[in-house]
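S.K.: So I've got this file, start16.cif, and it contains mmCIF, C-alpha atoms:
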```
data_work
loop_
_atom_site.label_atom_id
_atom_site.label_comp_id
_atom_site.auth_asym_id
_atom_site.auth_seq_id
_atom_site.Cartn_x
_atom_site.Cartn_y
_atom_site.Cartn_z
CA MET A 5 70.11 26.08 112.45
CA LYS A 6 72.98 27.71 114.28
CA ASN A 7 72.52 31.14 115.73
CA PHE A 8 75.20 33.64 114.87
CA LYS A 9 75.89 37.21 115.71
CA VAL A 10 78.65 39.01 113.89
CA LEU A 11 80.53 41.75 115.66
CA VAL A 12 81.60 44.12 112.90
CA ASP A 13 84.98 45.78 113.34
CA THR A 14 85.68 49.40 112.43
CA ASN A 15 87.69 48.52 109.30
CA VAL A 16 84.82 46.45 107.87
CA LEU A 17 82.23 49.12 108.63
CA VAL A 18 84.39 51.83 107.07
CA SER A 19 85.26 49.69 104.03
CA ALA A 20 81.60 49.06 103.26
CA SER A 21 80.84 52.78 103.60
CA ILE A 22 83.66 53.79 101.26
CA ASN A 23 82.74 51.03 98.81
CA GLN A 24 79.17 52.33 98.59
CA LEU A 25 80.55 55.76 97.78
CA ILE A 26 82.79 54.25 95.08
CA ILE A 27 79.72 52.54 93.58
CA SER A 28 77.55 55.66 93.73
CA LEU A 29 80.26 57.67 91.99
CA ASN A 30 80.57 55.02 89.24
CA CYS A 31 84.30 54.69 89.82
CA LYS A 32 85.98 52.50 87.25
CA VAL A 33 88.68 51.39 89.64
CA GLN A 34 87.28 49.16 92.32
CA HIS A 35 89.18 48.64 95.51
CA HIS A 36 89.33 44.97 96.42
CA PHE A 37 89.59 45.48 100.14
CA TYR A 38 86.60 47.80 100.24
CA GLU A 39 84.60 45.47 97.99
CA LEU A 40 85.28 42.56 100.30
CA SER A 41 82.92 43.96 102.97
CA GLN A 42 80.03 44.62 100.61
CA PRO A 43 78.56 41.08 100.27
CA LEU A 44 78.47 40.72 104.05
CA PHE A 45 76.49 43.94 104.34
CA ASP A 46 74.22 42.86 101.50
CA TYR A 47 73.56 39.69 103.47
CA PHE A 48 72.83 41.67 106.64
CA ARG A 49 70.43 43.85 104.66
CA LYS A 50 68.61 40.86 103.12
CA ASN A 51 68.26 39.29 106.56
CA ILE A 52 67.52 42.47 108.42
CA ASP A 53 64.79 40.83 110.51
CA LYS A 54 67.41 38.48 111.98
CA ARG A 55 69.63 41.38 113.04
CA ILE A 56 72.82 39.38 112.60
CA GLY A 57 75.37 42.19 112.59
CA VAL A 58 76.37 43.93 115.78
CA PHE A 59 78.46 46.96 116.62
CA THR A 60 79.22 48.80 119.84
CA PRO A 61 79.29 52.53 120.63
CA GLU A 62 83.08 52.28 120.71
CA ILE A 63 83.17 50.86 117.17
CA GLU A 64 80.81 53.61 116.00
CA ASN A 65 83.08 56.34 117.40
CA SER A 66 86.13 54.71 115.99
CA ALA A 67 84.58 54.35 112.50
CA LYS A 68 83.52 57.98 112.50
CA GLU A 69 87.01 59.06 113.55
CA VAL A 70 88.73 56.87 110.95
CA LEU A 71 86.76 58.62 108.21
CA ILE A 72 87.61 62.05 109.62
CA ARG A 73 91.30 61.20 109.95
CA ALA A 74 91.42 59.88 106.37
CA ILE A 75 90.15 63.19 105.02
CA ASP A 76 92.04 65.31 107.53
CA SER A 77 95.38 63.70 106.68
CA GLU A 78 94.85 64.26 102.95
CA ILE A 79 93.96 67.90 103.52
CA LYS A 80 97.05 68.35 105.71
CA GLU A 81 99.23 67.50 102.73
CA MET A 82 97.70 70.24 100.60
CA ASP A 83 98.98 73.73 100.39
CA ASN A 84 97.08 75.48 97.67
CA LYS A 85 97.67 79.21 97.55
CA ASP A 86 95.01 80.05 95.02
CA THR A 87 91.76 80.73 96.90
CA LYS A 88 89.49 79.45 94.13
CA GLU A 89 91.44 76.22 93.78
CA LYS A 90 91.65 75.86 97.56
CA LEU A 91 87.87 76.15 97.89
CA ARG A 92 87.27 73.73 95.06
CA GLU A 93 89.34 71.07 96.79
CA ILE A 94 87.74 71.76 100.15
CA GLU A 95 84.32 71.36 98.57
CA ILE A 96 85.31 67.96 97.15
CA TYR A 97 86.65 66.66 100.45
CA SER A 98 83.66 68.02 102.32
CA PHE A 99 81.39 66.16 99.90
CA ILE A 100 83.34 62.91 100.41
CA LEU A 101 83.28 63.17 104.20
CA GLN A 102 79.57 63.98 104.18
CA GLU A 103 78.70 61.10 101.84
CA SER A 104 80.85 58.49 103.55
CA THR A 105 79.43 59.49 106.94
CA SER A 106 75.91 59.12 105.50
CA ASN A 107 76.83 55.64 104.23
CA LEU A 108 78.24 54.78 107.63
CA VAL A 109 74.89 55.65 109.22
CA LYS A 110 73.02 53.58 106.62
CA ASN A 111 75.27 50.61 107.38
CA MET A 112 74.94 51.00 111.12
CA ASP A 113 71.17 51.14 110.74
CA ILE A 114 71.08 47.51 109.61
CA LEU A 115 73.11 46.36 112.62
CA ILE A 116 72.33 46.12 116.31
CA ARG A 117 73.96 48.82 118.39
CA GLU A 118 74.75 46.91 121.54
CA PRO A 119 75.80 48.78 124.66
CA ILE A 120 78.37 47.15 126.89
CA ASN A 121 78.77 46.80 130.62
CA GLU A 122 81.96 48.69 131.33
CA LYS A 123 82.63 46.87 134.61
CA ALA A 124 82.40 43.48 132.92
CA ILE A 125 84.58 44.66 130.02
CA ASN A 126 87.28 45.85 132.41
CA GLN A 127 87.49 42.40 133.96
CA ILE A 128 87.69 40.69 130.57
CA THR A 129 90.24 43.22 129.35
CA HIS A 130 92.80 41.93 131.90
CA GLN A 131 92.34 38.41 130.60
CA VAL A 132 92.60 39.48 126.98
CA PHE A 133 95.79 41.43 127.74
CA ALA A 134 97.25 38.27 129.30
CA PHE A 135 96.06 36.32 126.27
CA TYR A 136 97.93 38.64 123.88
CA ASN A 137 101.09 38.39 126.00
CA ARG A 138 100.96 34.61 125.65
CA LEU A 139 100.21 34.93 121.94
CA MET A 140 103.29 37.11 121.41
CA LYS A 141 105.44 34.53 123.20
CA ASN A 142 103.92 31.64 121.24
CA LEU A 143 104.49 33.50 118.01
CA GLY A 144 108.25 32.97 118.53
CA GLN A 145 107.73 29.21 118.63
CA GLU A 146 105.91 29.27 115.31
CA ASP A 147 109.11 30.26 113.53
CA PRO A 148 109.40 28.04 110.41
CA THR A 149 113.22 28.16 110.69
CA ILE A 150 112.90 25.99 113.83
CA ILE A 151 110.89 23.49 111.79
CA ILE A 152 113.48 23.64 109.00
CA LYS A 153 116.30 22.98 111.49
CA GLN A 154 114.42 19.97 112.83
CA LEU A 155 113.91 18.62 109.32
CA ILE A 156 117.55 19.16 108.36
CA SER A 157 118.77 17.39 111.49
CA GLY A 158 117.01 14.24 110.22
CA ALA A 159 118.84 14.34 106.86
CA PRO A 160 121.84 12.02 106.31
CA LYS A 161 125.36 13.44 106.61
CA GLY A 162 126.58 15.07 103.44
CA MET A 163 123.00 15.73 102.33
CA LYS A 164 122.27 18.48 104.86
CA GLY A 165 123.12 21.31 102.42
CA LEU A 166 120.79 19.90 99.79
CA ALA A 167 118.10 19.24 102.42
CA ARG A 168 118.39 22.85 103.61
CA SER A 169 117.88 24.27 100.11
CA ILE A 170 114.89 21.96 99.54
CA TYR A 171 113.22 22.72 102.88
CA VAL A 172 113.87 26.45 102.67
CA LYS A 173 112.29 26.47 99.19
CA GLN A 174 109.36 24.41 100.49
CA GLU A 175 108.82 26.67 103.46
CA ASN A 176 109.52 29.83 101.53
CA GLU A 177 106.02 31.27 101.45
CA ARG A 178 105.35 30.21 105.01
CA LEU A 179 108.57 31.92 106.05
CA ALA A 180 107.62 35.10 104.24
CA LEU A 181 104.22 35.13 105.89
CA TYR A 182 105.70 34.37 109.27
CA TYR A 183 108.10 37.30 108.99
CA LYS A 184 105.27 39.46 107.73
CA LEU A 185 103.20 38.55 110.77
CA THR A 186 106.02 39.02 113.28
CA SER A 187 107.03 42.33 111.76
CA LYS A 188 103.40 43.46 111.88
CA PHE A 189 103.20 42.54 115.55
CA ALA A 190 106.57 44.17 116.25
CA ARG A 191 105.60 47.37 114.43
CA ASP A 192 102.05 47.44 115.63
CA PRO A 193 101.49 45.29 118.73
CA PRO A 194 97.97 44.97 120.14
CA ASP A 195 97.05 48.17 121.95
CA ILE A 196 94.28 48.94 124.41
CA ASN A 197 91.79 49.54 121.59
CA ASP A 198 92.42 46.11 120.07
CA VAL A 199 92.21 44.49 123.48
CA ARG A 200 88.95 46.28 124.27
CA ILE A 201 87.33 45.33 120.96
CA LEU A 202 88.17 41.65 121.37
CA SER A 203 87.02 41.90 125.01
CA GLN A 204 83.64 43.11 123.76
CA ALA A 205 83.27 40.02 121.58
CA VAL A 206 84.21 37.84 124.56
CA TYR A 207 81.74 39.77 126.72
CA PHE A 208 78.89 39.02 124.29
CA LEU A 209 79.74 35.34 124.32
CA ARG A 210 80.36 34.84 128.04
CA ASN A 211 77.39 36.86 129.17
CA LYS A 212 75.15 35.19 126.61
CA ILE A 213 73.94 38.63 125.53
CA PHE A 214 72.31 37.16 122.43
CA GLY A 215 71.15 33.91 124.00
CA GLU A 216 72.56 30.64 125.26
CA GLU A 217 73.25 29.04 121.88
CA THR A 218 74.45 32.06 119.94
CA LYS A 219 77.98 31.91 118.55
CA ILE A 220 79.96 35.09 118.14
CA LEU A 221 81.86 35.74 114.93
CA PHE A 222 84.10 38.77 114.58
CA ALA A 223 84.44 40.31 111.12
CA SER A 224 87.75 42.10 110.91
CA THR A 225 90.68 42.53 108.57
CA ASP A 226 92.96 43.62 111.38
CA HIS A 227 96.05 41.43 111.85
CA HIS A 228 95.53 41.51 115.62
CA PHE A 229 92.47 39.28 115.10
CA SER A 230 92.37 37.82 111.61
CA LYS A 231 94.52 35.98 109.14
CA ILE A 232 97.10 37.60 106.94
CA ARG A 233 97.43 36.64 103.33
CA GLU A 234 100.21 36.61 100.74
CA GLU A 235 99.52 35.26 97.26
CA LYS A 236 97.64 32.00 97.88
CA GLU A 237 99.21 31.29 101.25
CA LEU A 238 97.65 32.45 104.43
CA ASN A 239 98.76 32.63 108.00
CA ASP A 240 95.95 31.97 110.42
CA PHE A 241 98.02 31.60 113.56
CA VAL A 242 96.26 34.51 115.30
CA PRO A 243 92.61 33.59 114.55
CA LYS A 244 93.31 29.93 115.37
CA ILE A 245 94.64 30.76 118.80
CA ILE A 246 91.80 33.24 119.47
CA LEU A 247 89.31 30.54 118.50
CA LYS A 248 91.02 27.95 120.67
CA GLU A 249 91.36 30.08 123.77
CA LEU A 250 88.48 32.54 123.58
CA ASN A 251 86.02 30.66 121.37
CA ILE A 252 85.56 33.64 119.05
CA TYR A 253 85.99 33.11 115.33
CA CYS A 254 87.74 36.08 113.76
CA GLY A 255 87.70 36.26 109.99
CA TRP A 256 87.68 38.51 106.98
CA PRO A 257 84.20 39.54 105.83
CA ASP A 258 84.15 36.95 103.02
CA ASP A 259 85.01 34.13 105.47
CA ILE A 260 82.32 35.29 107.86
CA LEU A 261 79.77 35.37 105.05
CA ASN A 262 80.73 31.82 104.03
CA ILE A 263 80.02 30.65 107.57
CA LEU A 264 76.68 32.46 107.64
CA ILE A 265 75.52 30.92 104.37
CA GLY A 266 76.78 27.48 105.36
CA LYS A 267 79.62 27.27 102.84
CA LYS A 268 82.17 26.97 105.60
CA ASP A 269 81.98 25.16 108.90
CA LEU A 270 84.02 25.50 112.02
CA LEU A 271 84.96 22.76 114.42
CA PHE A 272 84.02 24.76 117.46
CA LEU A 273 80.53 25.31 116.17
CA MET B 21 74.79 84.25 117.31
CA GLN B 22 74.57 82.83 120.82
CA SER B 23 71.25 84.53 121.65
CA GLU B 24 69.77 83.31 118.34
CA ILE B 25 70.82 79.75 119.09
CA LEU B 26 69.02 79.94 122.44
CA SER B 27 65.89 81.58 120.98
CA PHE B 28 65.88 78.83 118.38
CA LYS B 29 65.63 76.23 121.14
CA ASP B 30 62.88 78.17 122.97
CA SER B 31 60.82 78.37 119.79
CA PHE B 32 60.87 74.61 119.29
CA GLU B 33 60.09 73.95 122.95
CA LYS B 34 57.02 76.17 122.58
CA MET B 35 55.96 74.22 119.49
CA ILE B 36 56.02 71.02 121.50
CA GLU B 37 54.04 72.64 124.32
CA THR B 38 51.39 73.99 121.96
CA LYS B 39 51.62 70.99 119.59
CA GLU B 40 51.62 73.46 116.75
CA VAL B 41 54.44 74.37 114.36
CA ASP B 42 55.23 78.05 114.27
CA LEU B 43 56.62 79.30 110.98
CA ASN B 44 57.72 82.51 112.68
CA VAL B 45 60.91 80.63 113.56
CA ILE B 46 61.99 80.63 109.91
CA PRO B 47 63.45 84.17 109.92
CA LEU B 48 65.47 83.12 112.97
CA ILE B 49 66.73 80.06 111.12
CA ASN B 50 67.65 82.27 108.15
CA LYS B 51 69.49 84.63 110.47
CA LEU B 52 71.49 81.73 111.93
CA LYS B 53 72.36 80.55 108.42
CA GLU B 54 73.40 84.06 107.49
CA ASP B 55 75.64 84.39 110.55
CA LEU B 56 77.27 81.04 109.84
CA SER B 57 77.82 81.96 106.20
CA THR B 58 79.37 85.28 107.26
CA LYS B 59 81.76 83.36 109.48
CA LYS B 60 82.61 81.12 106.52
CA GLU B 61 83.23 84.09 104.23
CA SER B 62 85.40 85.72 106.86
CA ALA B 63 87.45 82.51 107.23
CA ILE B 64 87.92 82.40 103.46
CA LYS B 65 89.06 86.04 103.41
CA GLN B 66 91.60 85.38 106.17
CA ASN B 67 93.47 83.27 103.65
CA LEU B 68 93.82 80.44 106.14
CA PRO B 69 95.70 77.33 105.07
CA GLN B 70 93.52 74.61 103.56
CA HIS B 71 93.94 72.40 106.57
CA THR B 72 92.53 75.08 108.89
CA LEU B 73 89.85 76.29 106.55
CA PHE B 74 88.48 72.81 105.79
CA PRO B 75 86.90 72.02 109.19
CA ILE B 76 85.35 75.49 109.39
CA TYR B 77 83.92 75.22 105.88
CA HIS B 78 82.72 71.65 106.38
CA SER B 79 81.16 72.29 109.81
CA ILE B 80 79.29 75.33 108.56
CA ASN B 81 78.02 73.34 105.58
CA ILE B 82 76.73 70.65 107.93
CA CYS B 83 74.99 73.23 110.15
CA ASN B 84 73.41 74.92 107.14
CA THR B 85 72.22 71.63 105.64
CA VAL B 86 70.55 70.82 108.96
CA LEU B 87 68.96 74.28 109.18
CA ASP B 88 67.70 73.98 105.57
CA SER B 89 66.20 70.58 106.34
CA ILE B 90 64.44 71.97 109.43
CA SER B 91 62.96 74.84 107.37
CA THR B 92 61.78 72.51 104.61
CA ARG B 93 60.06 70.19 107.03
CA LEU B 94 58.51 73.03 109.00
CA VAL B 95 56.92 74.51 105.90
CA LYS B 96 55.44 71.14 104.90
CA ALA B 97 54.68 70.03 108.48
CA LYS B 98 50.91 70.48 108.36
CA GLU B 99 50.29 68.89 104.98
CA GLU B 100 52.66 66.00 105.74
CA LYS B 101 51.34 65.46 109.27
CA ASP B 102 54.80 66.14 110.62
CA ASN B 103 53.46 68.31 113.40
CA PRO B 104 54.89 68.36 116.10
CA ILE B 105 57.35 65.54 115.19
CA ILE B 106 59.55 68.05 113.41
CA ALA B 107 59.85 70.05 116.64
CA GLU B 108 60.70 66.91 118.62
CA ASN B 109 63.31 65.89 116.03
CA THR B 110 64.84 69.36 116.07
CA LEU B 111 65.14 69.30 119.85
CA ALA B 112 66.70 65.83 119.64
CA ILE B 113 69.55 67.17 117.54
CA TYR B 114 69.76 70.50 119.39
CA PRO B 115 72.59 69.48 121.80
CA SER B 116 74.84 68.52 118.86
CA PHE B 117 73.84 71.64 116.95
CA PHE B 118 74.37 73.89 119.97
CA ILE B 119 77.88 72.63 120.71
CA LEU B 120 79.01 72.85 117.08
CA ALA B 121 77.47 76.25 116.36
CA THR B 122 78.87 77.64 119.63
CA ASN B 123 82.34 76.36 118.75
CA ILE B 124 82.11 77.99 115.34
CA ASP B 125 80.78 81.22 116.80
CA LYS B 126 83.49 81.53 119.43
CA MET B 127 86.30 80.51 117.15
CA ASP B 128 89.06 83.06 116.88
CA LEU B 129 90.16 82.93 113.26
CA LYS B 130 93.39 84.73 114.13
CA GLU B 131 94.45 81.85 116.36
CA LYS B 132 97.06 79.88 114.49
CA GLU B 133 95.95 76.51 115.74
CA ILE B 134 92.30 75.75 115.26
CA ILE B 135 91.47 72.36 116.67
CA THR B 136 90.55 70.81 113.38
CA PHE B 137 89.85 67.25 114.46
CA HIS B 138 87.59 68.38 117.31
CA LEU B 139 85.51 70.51 114.98
CA LEU B 140 85.19 67.75 112.38
CA ASN B 141 84.20 65.33 115.10
CA LEU B 142 81.44 67.66 116.31
CA ALA B 143 80.27 68.11 112.71
CA SER B 144 80.14 64.36 112.27
CA ASN B 145 78.13 63.96 115.48
CA LEU B 146 75.63 66.54 114.27
CA GLN B 147 75.35 64.92 110.83
CA ILE B 148 74.78 61.46 112.33
CA SER B 149 72.09 62.62 114.77
CA ALA B 150 70.46 64.75 112.06
CA ILE B 151 70.29 61.80 109.63
CA ARG B 152 68.66 59.72 112.34
CA SER B 153 66.12 62.49 112.94
CA ARG B 154 65.46 62.94 109.21
CA LEU B 155 67.01 66.38 109.34
CA PHE B 156 69.81 66.00 106.86
CA LYS B 157 68.71 66.36 103.29
CA ILE B 158 71.76 66.72 101.08
CA ASP B 159 71.56 68.99 98.08
CA GLU B 160 71.18 66.63 95.10
CA LYS B 161 72.54 69.17 92.65
CA ILE B 162 76.22 68.45 93.16
CA GLN B 163 78.39 69.92 90.43
CA LYS B 164 79.60 67.43 87.86
CA GLU B 165 83.15 68.70 88.34
CA VAL B 166 82.98 67.92 92.08
CA LEU B 167 81.74 64.40 91.38
CA GLU B 168 84.48 63.74 88.82
CA LYS B 169 87.24 64.90 91.13
CA ALA B 170 85.65 63.05 94.07
CA LYS B 171 85.94 59.82 92.06
CA GLU B 172 89.71 60.20 91.81
CA VAL B 173 90.08 61.09 95.47
CA VAL B 174 87.92 58.25 96.79
CA CYS B 175 89.71 55.63 94.72
CA ASN B 176 93.03 56.69 96.22
CA LEU B 177 91.88 57.43 99.74
CA LYS B 178 94.18 55.99 102.39
CA ILE B 179 92.18 54.58 105.25
CA GLU B 180 93.98 53.82 108.48
CA GLY B 181 94.28 50.09 109.04
CA ILE B 182 92.80 49.25 105.66
CA THR B 183 94.99 50.45 102.82
CA ASN B 184 98.15 48.59 103.62
CA GLU B 185 100.19 45.63 102.46
CA GLU B 186 97.35 43.27 103.39
CA LEU B 187 95.75 44.36 100.16
CA GLN B 188 98.47 42.79 98.13
CA GLY B 189 97.88 39.26 97.03
CA SER B 190 94.47 39.00 98.60
CA SER B 191 92.23 36.94 96.44
#
```
Rewrite the coordinates I just gave you, this time as structure tokens.
M.R.:
Amino acid sequence: MKNFKVLVDTNVLVSASINQLIISLNCKVQHHFYELSQPLFDYFRKNIDKRIGVFTPEIENSAKEVLIRAIDSEIKEMDNKDTKEKLREIEIYSFILQESTSNLVKNMDILIREPINEKAINQITHQVFAFYNRLMKNLGQEDPTIIIKQLISGAPKGMKGLARSIYVKQENERLALYYKLTSKFARDPPDINDVRILSQAVYFLRNKIFGEETKILFASTDHHFSKIREEKELNDFVPKIILKELNIYCGWPDDILNILIGKKDLLFL
Amino acid sequence: MQSEILSFKDSFEKMIETKEVDLNVIPLINKLKEDLSTKKESAIKQNLPQHTLFPIYHSINICNTVLDSISTRLVKAKEEKDNPIIAENTLAIYPSFFILATNIDKMDLKEKEIITFHLLNLASNLQISAIRSRLFKIDEKIQKEVLEKAKEVVCNLKIEGITNEELQGSS
């Protein structure tokens, strides 16, 4: 039996907390992305004695702030002049913030709150920064148009136009995903918070915080760590390279759950 | 309000010393609640924009929920063998309560820019520590209208880093 610990990212923690609120309010419309985190938390709850899920004080603060910002930004857009109406809306948003914060605490209570050694994290942070710089460079080499050009060059003369249309069609979804990924990284490159979070996962692994044999999985939907998806295609360039170089498996909550229940295996494990 | 906040702390420290709950602290708790509610009413009367009024309203609600929970547990402390745990729990959340209540107390409602995020963050800290100390009992009697409207809001809530194009096409 493999030993796993799952570092839970802010977005997964917040999603589960919002999803529980959606359930408690009997909302008809379910939000897929929020729902996605729920089975993982159900699994953590069922296996509470194993304490599989982990979060850090930094993730706790970040989750709390994400909830506040979500409410705060909605309130900022409102400009009700009628006092009664204004108070009614404030009461609703206050209720939502209160309830989602309570759910956040309930979710954190089934995880291990693991403190980190700041000195060790600082050292790892430099390496993770360098890792992301390499990743950004390597991302350019993943361009499917380069692959298409190589394929076309092998086509006989006079057939290159036809070959281009065939290969472009073939690579269409991959191209779309590639551009989606590069534009995501261009718009929102990894910042210090992303680097620090991944450094914390590396810290747990390298310092054997949870024991010699324990593998670290990182549950996140953030494109800086995990796959991106479009229709049935997925681009797992980022998690693959993180796995290869840092030996941390980053996945969406459903992927992580599949590993925990043995439905999915990983070569590095 | 400042002197009441400090007397509040002294009262609970004495309870720990004597290992005996003292219900004489309840009028002080009620006075604190009253002062906070007065501040809330005054903020409402100032006709502040929603964005400024929200953190004041929410923070005061959190403080009052905590104070209500303390009162409830104090009254039942002897029969529920919660003595002096209730006093220890109250002192555990006191730093968060002190900083939030002091911020509310010293807030100048005429100032145009009230630091909304800071206040909400302090309120969240108090709520989290109060839940962990069993000092946050939410009123179960939420109006039906609030629940109905909350449904709509929650389903459309935009969460940073979550509600984005990644949602599309995910299976």
S.K.: For chain A, which of B:Tyr114, B:Ala121, B:Thr85, B:Ile106 is the closest residue, counting all atoms listed in the file?
M.R.: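 For chain A, the nearest of the given residues is B:Thr85.
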S.K.: Quick one, how far is atom CA of A:Ala190 from atom CA of A:Thr149?
M.R.: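 Between these atoms lies a distance of 18.2 Å.
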S.K.: Using only C-alpha atoms, find the residues of chain B whose closest atom to chain A is at most 9 Å away, then write them as a JSON list (two decimals) with C-alpha atoms, keeping the file's coordinate frame.
M.R.:
```json
[["chain", "number", "residue", "atom", "x", "y", "z"],
["B", 64, "ILE", "CA", 87.92, 82.40, 103.46],
["B", 65, "LYS", "CA", 89.06, 86.04, 103.41],
["B", 67, "ASN", "CA", 93.47, 83.27, 103.65],
["B", 69, "PRO", "CA", 95.70, 77.33, 105.07],
["B", 70, "GLN", "CA", 93.52, 74.61, 103.56],
["B", 71, "HIS", "CA", 93.94, 72.40, 106.57],
["B", 72, "THR", "CA", 92.53, 75.08, 108.89],
["B", 73, "LEU", "CA", 89.85, 76.29, 106.55],
["B", 74, "PHE", "CA", 88.48, 72.81, 105.79],
["B", 75, "PRO", "CA", 86.90, 72.02, 109.19],
["B", 77, "TYR", "CA", 83.92, 75.22, 105.88],
["B", 78, "HIS", "CA", 82.72, 71.65, 106.38],
["B", 79, "SER", "CA", 81.16, 72.29, 109.81],
["B", 81, "ASN", "CA", 78.02, 73.34, 105.58],
["B", 82, "ILE", "CA", 76.73, 70.65, 107.93],
["B", 136, "THR", "CA", 90.55, 70.81, 113.38],
["B", 137, "PHE", "CA", 89.85, 67.25, 114.46],
["B", 140, "LEU", "CA", 85.19, 67.75, 112.38],
["B", 141, "ASN", "CA", 84.20, 65.33, 115.10],
["B", 144, "SER", "CA", 80.14, 64.36, 112.27],
["B", 145, "ASN", "CA", 78.13, 63.96, 115.48],
["B", 147, "GLN", "CA", 75.35, 64.92, 110.83],
["B", 148, "ILE", "CA", 74.78, 61.46, 112.33],
["B", 151, "ILE", "CA", 70.29, 61.80, 109.63],
["B", 152, "ARG", "CA", 68.66, 59.72, 112.34],
["B", 158, "ILE", "CA", 71.76, 66.72, 101.08],
["B", 162, "ILE", "CA", 76.22, 68.45, 93.16],
["B", 166, "VAL", "CA", 82.98, 67.92, 92.08],
["B", 167, "LEU", "CA", 81.74, 64.40, 91.38],
["B", 168, "GLU", "CA", 84.48, 63.74, 88.82],
["B", 169, "LYS", "CA", 87.24, 64.90, 91.13],
["B", 170, "ALA", "CA", 85.65, 63.05, 94.07],
["B", 171, "LYS", "CA", 85.94, 59.82, 92.06],
["B", 172, "GLU", "CA", 89.71, 60.20, 91.81],
["B", 173, "VAL", "CA", 90.08, 61.09, 95.47],
["B", 174, "VAL", "CA", 87.92, 58.25, 96.79],
["B", 175, "CYS", "CA", 89.71, 55.63, 94.72],
["B", 176, "ASN", "CA", 93.03, 56.69, 96.22],
["B", 177, "LEU", "CA", 91.88, 57.43, 99.74],
["B", 178, "LYS", "CA", 94.18, 55.99, 102.39],
["B", 179, "ILE", "CA", 92.18, 54.58, 105.25],
["B", 180, "GLU", "CA", 93.98, 53.82, 108.48],
["B", 181, "GLY", "CA", 94.28, 50.09, 109.04],
["B", 182, "ILE", "CA", 92.80, 49.25, 105.66],
["B", 183, "THR", "CA", 94.99, 50.45, 102.82],
["B", 186, "GLU", "CA", 97.35, 43.27, 103.39],
["B", 187, "LEU", "CA", 95.75, 44.36, 100.16],
["B", 188, "GLN", "CA", 98.47, 42.79, 98.13],
["B", 189, "GLY", "CA", 97.88, 39.26, 97.03],
["B", 190, "SER", "CA", 94.47, 39.00, 98.60],
["B", 191, "SER", "CA", 92.23, 36.94, 96.44]]
```
S.K.: Just give me the gap between atom CA of B:Leu87 and atom CA of A:Arg117 in Å, one decimal is fine.
M.R.: 27.5 Å
S.K.: Rounded to one decimal place, report the atom CA of A:Phe229-atom CA of A:Ala20 distance in Å.
M.R.: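 We find that atom CA of A:Phe229 and atom CA of A:Ala20 lie 18.8 Å from each other.
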S.K.: For B:Ile105, please output as a PDB file with C-alpha atoms, keeping the file's coordinate frame all residues within 10 Å (counting all atoms listed in the file; exclusion window: fewer than 3 positions along the same chain).
M.R.:
```pdb
ATOM      1  CA  MET B  35      55.960  74.220 119.490  1.00  0.00           C
ATOM      2  CA  ILE B  36      56.020  71.020 121.500  1.00  0.00           C
ATOM      3  CA  LYS B  39      51.620  70.990 119.590  1.00  0.00           C
ATOM      4  CA  GLU B  40      51.620  73.460 116.750  1.00  0.00           C
ATOM      5  CA  VAL B  41      54.440  74.370 114.360  1.00  0.00           C
ATOM      6  CA  ARG B  93      60.060  70.190 107.030  1.00  0.00           C
ATOM      7  CA  LEU B  94      58.510  73.030 109.000  1.00  0.00           C
ATOM      8  CA  ALA B  97      54.680  70.030 108.480  1.00  0.00           C
ATOM      9  CA  LYS B 101      51.340  65.460 109.270  1.00  0.00           C
ATOM     10  CA  ASP B 102      54.800  66.140 110.620  1.00  0.00           C
ATOM     11  CA  GLU B 108      60.700  66.910 118.620  1.00  0.00           C
ATOM     12  CA  ASN B 109      63.310  65.890 116.030  1.00  0.00           C
ATOM     13  CA  THR B 110      64.840  69.360 116.070  1.00  0.00           C
ATOM     14  CA  LEU B 111      65.140  69.300 119.850  1.00  0.00           C
ATOM     15  CA  SER B 153      66.120  62.490 112.940  1.00  0.00           C
TER      16      SER B 153
END
```
S.K.: Using only C-alpha atoms, which of B:Asn50, B:Ser23, B:Asn44, B:Asn84 sits nearest B:Phe117?
M.R.: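 Residue with the minimum atom-to-atom distance to B:Phe117: B:Asn84.
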S.K.: I need the residue nearest A:Lys141 from this list: A:Pro119, A:Arg55, A:Leu270, A:Phe189. Use all atoms listed in the file for the distance.
M.R.: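 The shortest atom-to-atom distance to A:Lys141 comes from A:Phe189.
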S.K.: I need the residue set behind the PyMOL selection byres ((chain A and resi 120) around 9) for this file; please write it as JSON, numbers by chain.
M.R.: {"A": [60, 61, 118, 119, 121, 122, 123, 124, 125, 204, 207, 208]}
S.K.: Can you turn the PyMOL selection byres ((chain A and resi 240-251) around 10) into a concrete residue list for this file, as a PyMOL selection string?
M.R.: chain A and resi 131-132+135-136+139-140+142-143+146+181-182+185+202-203+205-206+209-210+219-222+227-233+237-239+252-255+270-273
S.K.: Dump as JSON, numbers by chain all residues having an atom at most 10 Å from (76.4, 37.9, 111.4), computed in the file's coordinates with all atoms listed in the file.
M.R.: {"A": [7, 8, 9, 10, 11, 12, 44, 45, 47, 48, 51, 54, 55, 56, 57, 58, 115, 219, 220, 221, 222, 223, 257, 260, 261, 263, 264, 265]}
S.K.: As lines of an AutoDock Vina configuration file, please: the centre and edge lengths in Å, to one decimal, of an axis-aligned box enclosing every listed atom of stretch 98-105 of chain B with 4 Å added on each side.
M.R.:
```
center_x = 53.8
center_y = 68.0
center_z = 110.5
size_x = 15.1
size_y = 13.0
size_z = 19.1
```
S.K.: Have a look at B:Ser116, B:Thr122, B:Ser89, B:Ser57 and name the one nearest to B:Arg154; count only C-alpha atoms.
M.R.: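 Of the candidates, the smallest distance to B:Arg154 is held by B:Ser89.
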